[in-house]
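Scroll down for the structure; my scribbles are underneath it.
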Amino acid sequence: MRALALCVVMAACSSTKPEAASLVAAVDQFHRASNEDRPARADELGKVPCQDAEVCAAKAACVEATGATGSALRIKHDAEAVLADLEAGKRQKTDPEVRALPGQLELATARLKEGHDKMPLCDQRVVVLRGKYGI
């Protein structure tokens with residue numbers, strides 16, 4: 001009976017470690033990415049599969065943090081493009097997208113703060129996974 005229980009535990013660990021390692025790698029890639037690449041890295045992190053409850057909880061925390069940051073950076077990028085068009089004379093101050101710039105920048109700031117505020121929980125859970133699985 002003990003042997004069977006040990007096999008079940010070992011099988012669970014053997015499938016969980018690669019899952020945890022994939023998540024840790026995706027978080028590391030997000031952290032190392034340039035601001036230009038972070039939205040795509042956030043998207044990739046969201047695609048990391050998980051079955052284990054602990055890995056899924058870490059993933060959920062990380063998706064919240066990186067998703068907010070990625071969203072903020074996309075908004076900022078789009079706002080910069082509209083501003084560049086305005087400065088180049090391709091848009092007028094009355095253009096709806098130009099008029100929306102202050103609100104878009106406020107939204108980007110709020111989303112960036114949200115991402116920064118949520119990242120410590122993600123990082124904490126990743127540290128636990130690293131230690132538990134020797135990643």
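So you can find residues: chains in the structure tokens are A, B, ... in the order shown, residues in each start at 1, and ligands are numbered from 1 in order.
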Margin query: Neighbouring residues of Asp123 of chain A were defined as those with any atom within 9 Å, considering only C-alpha atoms; residues of the same chain fewer than 5 positions away were excluded. Please report them as a PyMOL selection string.
Written below: chain A and resi 27+58+61-62+128
Would you save the residues of that selection, restricted to C-alpha atoms, as a short mmCIF file (atom, residue, chain, number, x, y, z; two decimals), in the first residue's frame?
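That gives us selection-v8.cif:
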data_model
loop_
_atom_site.label_atom_id
_atom_site.label_comp_id
_atom_site.auth_asym_id
_atom_site.auth_seq_id
_atom_site.Cartn_x
_atom_site.Cartn_y
_atom_site.Cartn_z
CA VAL A 27 7.72 34.78 -15.62
CA ALA A 58 0.81 31.08 -9.08
CA ALA A 61 -1.43 35.76 -9.74
CA CYS A 62 1.15 36.22 -12.48
CA VAL A 128 7.94 28.97 -3.66
#
Show me a table, sorted first by chain and then by increasing residue number, of the residues of segment 107-134 of chain A having an atom at most 12 Å from segment 54-57 of chain A, each with its shortest atom pair and the distance in Å to one decimal, counting only C-alpha atoms and written as a tab-separated table.
residue	atom	partner	partner_atom	distance
A:Leu121	CA	A:Ala57	CA	10.2
A:Cys122	CA	A:Ala57	CA	9.1
A:Asp123	CA	A:Ala57	CA	12.0
A:Gln124	CA	A:Ala57	CA	11.4
A:Arg125	CA	A:Ala57	CA	8.1
A:Val126	CA	A:Val55	CA	8.6
A:Val127	CA	A:Val55	CA	11.5
A:Val128	CA	A:Glu54	CA	9.5
A:Leu129	CA	A:Val55	CA	7.5
A:Arg130	CA	A:Val55	CA	10.9
A:Lys132	CA	A:Glu54	CA	10.7
A:Tyr133	CA	A:Val55	CA	11.1
For the residues in that selection, give me C-alpha atoms as an mmCIF file, in the first residue's frame.
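The file below, out.cif, is the result:
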data_model
loop_
_atom_site.group_PDB
_atom_site.id
_atom_site.type_symbol
_atom_site.label_atom_id
_atom_site.label_comp_id
_atom_site.auth_asym_id
_atom_site.auth_seq_id
_atom_site.Cartn_x
_atom_site.Cartn_y
_atom_site.Cartn_z
ATOM 1 C CA LEU A 121 2.373 38.047 -5.111
ATOM 2 C CA CYS A 122 3.363 36.524 -8.447
ATOM 3 C CA ASP A 123 7.044 36.692 -7.578
ATOM 4 C CA GLN A 124 6.418 35.231 -4.120
ATOM 5 C CA ARG A 125 4.560 32.249 -5.568
ATOM 6 C CA VAL A 126 7.259 31.720 -8.186
ATOM 7 C CA VAL A 127 9.925 31.676 -5.459
ATOM 8 C CA VAL A 128 7.943 28.968 -3.657
ATOM 9 C CA LEU A 129 7.743 26.892 -6.839
ATOM 10 C CA ARG A 130 11.472 27.338 -7.472
ATOM 11 C CA LYS A 132 9.799 23.244 -3.938
ATOM 12 C CA TYR A 133 10.832 21.822 -7.324
#
Just want the 7 Å neighbourhood of segment 93-101 of chain A, counted on only C-alpha atoms, with same-chain residues fewer than 2 positions away dropped. Output as a PDB file with C-alpha atoms, in the first residue's frame.
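New file result.pdb:
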ATOM      1  CA  ALA A  79      -1.093  56.720 -27.434  1.00  0.00           C
ATOM      2  CA  VAL A  82      -1.435  58.945 -32.038  1.00  0.00           C
ATOM      3  CA  ARG A  91      -4.009  64.232 -37.231  1.00  0.00           C
ATOM      4  CA  GLY A 103      -7.937  59.461 -20.667  1.00  0.00           C
ATOM      5  CA  GLN A 104      -5.851  56.762 -22.351  1.00  0.00           C
ATOM      6  CA  LEU A 105      -2.751  57.890 -20.490  1.00  0.00           C
TER       7      LEU A 105
END
Checklist line | Nearby residues (only C-alpha atoms) at most 12 Å from Pro18 of chain A, same-chain spacing under 3 positions excluded, as number ranges by chain | finding: A: 11-15, 21-25, 48-52, 55, 129-130, 133-135
Could you save those same residues with N, CA and C atoms as a PDB file, in the first residue's frame?
ATOM      1  N   ALA A  11       4.420  10.290  -9.249  1.00  0.00           N
ATOM      2  CA  ALA A  11       3.848  10.600 -10.564  1.00  0.00           C
ATOM      3  C   ALA A  11       3.324  12.024 -10.595  1.00  0.00           C
ATOM      4  N   ALA A  12       2.691  12.445  -9.516  1.00  0.00           N
ATOM      5  CA  ALA A  12       2.185  13.815  -9.442  1.00  0.00           C
ATOM      6  C   ALA A  12       3.336  14.805  -9.481  1.00  0.00           C
ATOM      7  N   CYS A  13       4.390  14.525  -8.733  1.00  0.00           N
ATOM      8  CA  CYS A  13       5.550  15.413  -8.710  1.00  0.00           C
ATOM      9  C   CYS A  13       6.231  15.453 -10.067  1.00  0.00           C
ATOM     10  N   SER A  14       6.304  14.311 -10.724  1.00  0.00           N
ATOM     11  CA  SER A  14       7.010  14.266 -11.998  1.00  0.00           C
ATOM     12  C   SER A  14       6.283  15.074 -13.069  1.00  0.00           C
ATOM     13  N   SER A  15       4.968  15.172 -13.001  1.00  0.00           N
ATOM     14  CA  SER A  15       4.253  15.976 -13.991  1.00  0.00           C
ATOM     15  C   SER A  15       4.147  17.432 -13.558  1.00  0.00           C
ATOM     16  N   ALA A  21       8.144  24.539 -13.927  1.00  0.00           N
ATOM     17  CA  ALA A  21       9.309  25.087 -14.637  1.00  0.00           C
ATOM     18  C   ALA A  21       8.881  25.949 -15.825  1.00  0.00           C
ATOM     19  N   SER A  22       7.838  25.542 -16.523  1.00  0.00           N
ATOM     20  CA  SER A  22       7.335  26.332 -17.653  1.00  0.00           C
ATOM     21  C   SER A  22       6.816  27.680 -17.175  1.00  0.00           C
ATOM     22  N   LEU A  23       6.110  27.667 -16.074  1.00  0.00           N
ATOM     23  CA  LEU A  23       5.588  28.915 -15.535  1.00  0.00           C
ATOM     24  C   LEU A  23       6.728  29.818 -15.067  1.00  0.00           C
ATOM     25  N   VAL A  24       7.682  29.252 -14.344  1.00  0.00           N
ATOM     26  CA  VAL A  24       8.829  30.033 -13.867  1.00  0.00           C
ATOM     27  C   VAL A  24       9.572  30.646 -15.054  1.00  0.00           C
ATOM     28  N   ALA A  25       9.783  29.868 -16.094  1.00  0.00           N
ATOM     29  CA  ALA A  25      10.485  30.376 -17.283  1.00  0.00           C
ATOM     30  C   ALA A  25       9.704  31.521 -17.928  1.00  0.00           C
ATOM     31  N   VAL A  48       0.550  29.313 -20.629  1.00  0.00           N
ATOM     32  CA  VAL A  48       1.255  28.212 -19.950  1.00  0.00           C
ATOM     33  C   VAL A  48       0.205  27.285 -19.330  1.00  0.00           C
ATOM     34  N   PRO A  49       0.254  26.000 -19.672  1.00  0.00           N
ATOM     35  CA  PRO A  49      -0.742  25.076 -19.106  1.00  0.00           C
ATOM     36  C   PRO A  49      -0.477  24.796 -17.634  1.00  0.00           C
ATOM     37  N   CYS A  50      -1.537  24.519 -16.908  1.00  0.00           N
ATOM     38  CA  CYS A  50      -1.372  24.115 -15.506  1.00  0.00           C
ATOM     39  C   CYS A  50      -2.505  23.165 -15.127  1.00  0.00           C
ATOM     40  N   GLN A  51      -2.144  22.203 -14.309  1.00  0.00           N
ATOM     41  CA  GLN A  51      -3.098  21.248 -13.740  1.00  0.00           C
ATOM     42  C   GLN A  51      -3.029  21.275 -12.221  1.00  0.00           C
ATOM     43  N   ASP A  52      -1.808  21.424 -11.712  1.00  0.00           N
ATOM     44  CA  ASP A  52      -1.577  21.422 -10.271  1.00  0.00           C
ATOM     45  C   ASP A  52      -2.145  22.706  -9.664  1.00  0.00           C
ATOM     46  N   VAL A  55       0.482  25.447  -8.856  1.00  0.00           N
ATOM     47  CA  VAL A  55       1.002  26.074 -10.075  1.00  0.00           C
ATOM     48  C   VAL A  55      -0.074  26.978 -10.683  1.00  0.00           C
ATOM     49  N   LEU A 129       7.636  27.970  -5.854  1.00  0.00           N
ATOM     50  CA  LEU A 129       7.743  26.892  -6.839  1.00  0.00           C
ATOM     51  C   LEU A 129       9.210  26.554  -7.129  1.00  0.00           C
ATOM     52  N   ARG A 130      10.036  27.571  -7.243  1.00  0.00           N
ATOM     53  CA  ARG A 130      11.472  27.338  -7.472  1.00  0.00           C
ATOM     54  C   ARG A 130      12.054  26.461  -6.357  1.00  0.00           C
ATOM     55  N   TYR A 133      10.486  22.733  -6.221  1.00  0.00           N
ATOM     56  CA  TYR A 133      10.832  21.822  -7.324  1.00  0.00           C
ATOM     57  C   TYR A 133      12.287  21.952  -7.765  1.00  0.00           C
ATOM     58  N   GLY A 134      13.071  22.753  -7.058  1.00  0.00           N
ATOM     59  CA  GLY A 134      14.488  22.880  -7.395  1.00  0.00           C
ATOM     60  C   GLY A 134      14.719  23.475  -8.771  1.00  0.00           C
ATOM     61  N   ILE A 135      13.937  24.478  -9.102  1.00  0.00           N
ATOM     62  CA  ILE A 135      14.013  25.100 -10.435  1.00  0.00           C
ATOM     63  C   ILE A 135      14.963  26.281 -10.378  1.00  0.00           C
TER      64      ILE A 135
END
Check: Using only C-alpha atoms, which of A:Asp28, A:Glu106, A:Glu44, A:Asp85 sits nearest Gly70 of chain A?
Finding: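 Nearest candidate to Gly70 of chain A out of A:Asp28, A:Glu106, A:Glu44, A:Asp85: A:Glu44.
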